[in-house]
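Below: one structure, written as structure tokens.
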Amino acid sequence: MLRRRLASLLSTAICTKPTLSPSPISFQSLHLLQCPNPNPSIGDVKGFGFQPQGLRAYSLLSLNDLRGKVPRKQKTRKGRGIGSGKGKTAGRGHKGQKARGSGKLGFEGGQTPLRRRLPKRGFKNPFSLTFQPVGLGKIAKLINAGKIDSSELITMKTLKDTGAIGKQIKDGVRLMGRGAEQIQWPIHLEVSRVTVRAKEAVEAAGGSVRRVYYNKLGFRALLKPEWFEKKGRLLPKAARPPPKQKDKVDSIGRLPAPTKPIPFFTEEEVASSSST
């Protein structure tokens with residue numbers, strides 16, 4: 001097919017044979033290799049002053065000749081007779097564990113496997129907690145945009161609904177001090193953890209930050225209370241923090257999501273209220 005294609009291309013491309021002359025070929029002699037203009041209505045190309053003539057450029061590739069890069073070797077068919085070379089036992093040999101099936105992964109014939117010869121390195125703390133950070137500057141921008149009402153309590157559900165934090169909250173939210181200079185008005189927040197800089201900035205503006213505890217089920221009830229309504233269940237009661245986290249939280253989380261903050265009482269106020 002390729003030979004016939006080349007012959008047809010050469011016959012159509014070369015219309016007249018050039019005459020042999022002892023003088024070297026010049027640019028003027030290229031006019032001998034001319035083909036009649038198939039479209040005489042087309043005149044000289046503007047700006048160049050010549051007509052399309054000479055050898056035409058043909059490509060040996062066409063769209064119907066292109067093939068995908070697929071493997072040409074066919075898959076070996078096993079167990080199809082002795083003439084195929086892979087019949088009868090199909091290359092597995094006679095009897096034994098390898099002929100009947102596959103062995104245990106990582107088994108090395110009885111010697112100590114590699115996974116036991118290598119030493120251990122590092123550990124995974126089962127009590128580690130992952131908090132999602134959020135800066136005060138981001139909260140200030142949402143308040144200026146009108147998405148958060150600064151007169152109400154800002155909870156973790158408020159931060160999730162307004163897009164201040166992502167949807168995947170594992171163990172809670174940590175309030176960071178990034179953009180603390182943008183807080184110029186009192187705000188009240190309830191988060192899982194808070195840095196020293198963020199707490200000082202909020203309290204300097206006349207606000208308050210309370211560290212509350214929620215377990216896994218409590219977070220679901222706080223962030224997605226509609227899930228319990230859809231299942232026909234009641235909201236669970238707030239869980240108490242474990243002994244190792246009692247000194248890291250201020251109070252137990254409230255369900256459903258609260259709208260008013262709990263005031264902080266000093267030791268003198270507590271003592272006066274108890275005496276009365």
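Chain labels A, B, ... are given in the sequence in which chains occur in the structure tokens; within each chain residues are numbered consecutively from 1, and ligands are likewise numbered from 1 in the order shown.
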Shell of 12 Å around Arg100 of chain A, only C-alpha atoms, local chain residues under 5 positions omitted, as a list in words: Thr89, Ala90, Gly91, Arg92, Gly93, His94 and Lys95 of chain A
Mind writing the picked residues with N, CA, C and O atoms as an mmCIF file, in the first residue's frame?
```
data_model
loop_
_atom_site.group_PDB
_atom_site.id
_atom_site.type_symbol
_atom_site.label_atom_id
_atom_site.label_comp_id
_atom_site.auth_asym_id
_atom_site.auth_seq_id
_atom_site.Cartn_x
_atom_site.Cartn_y
_atom_site.Cartn_z
ATOM 1 N N THR A 89 0.096 -28.785 33.180
ATOM 2 C CA THR A 89 0.357 -28.110 34.454
ATOM 3 C C THR A 89 0.470 -26.598 34.301
ATOM 4 O O THR A 89 0.601 -25.883 35.297
ATOM 5 N N ALA A 90 0.481 -26.088 33.065
ATOM 6 C CA ALA A 90 0.472 -24.643 32.795
ATOM 7 C C ALA A 90 1.661 -23.926 33.419
ATOM 8 O O ALA A 90 1.550 -22.807 33.902
ATOM 9 N N GLY A 91 2.832 -24.574 33.446
ATOM 10 C CA GLY A 91 4.033 -23.928 33.938
ATOM 11 C C GLY A 91 4.215 -23.980 35.443
ATOM 12 O O GLY A 91 5.194 -23.457 35.960
ATOM 13 N N ARG A 92 3.301 -24.646 36.163
ATOM 14 C CA ARG A 92 3.399 -24.698 37.629
ATOM 15 C C ARG A 92 4.173 -25.921 38.132
ATOM 16 O O ARG A 92 4.534 -25.965 39.302
ATOM 17 N N GLY A 93 4.376 -26.889 37.296
ATOM 18 C CA GLY A 93 5.067 -28.092 37.750
ATOM 19 C C GLY A 93 4.122 -29.060 38.445
ATOM 20 O O GLY A 93 2.898 -28.902 38.394
ATOM 21 N N HIS A 94 4.711 -30.092 39.075
ATOM 22 C CA HIS A 94 3.922 -31.150 39.705
ATOM 23 C C HIS A 94 3.861 -30.944 41.218
ATOM 24 O O HIS A 94 4.895 -30.806 41.874
ATOM 25 N N LYS A 95 2.688 -30.938 41.741
ATOM 26 C CA LYS A 95 2.410 -30.919 43.182
ATOM 27 C C LYS A 95 3.098 -29.751 43.889
ATOM 28 O O LYS A 95 3.734 -28.907 43.279
#
```
Strand (DSSP E or B) call set, DSSP backbone run, segment 154-191 of chain A, as a ChimeraX atom specification: /A:154,173-176,188-191
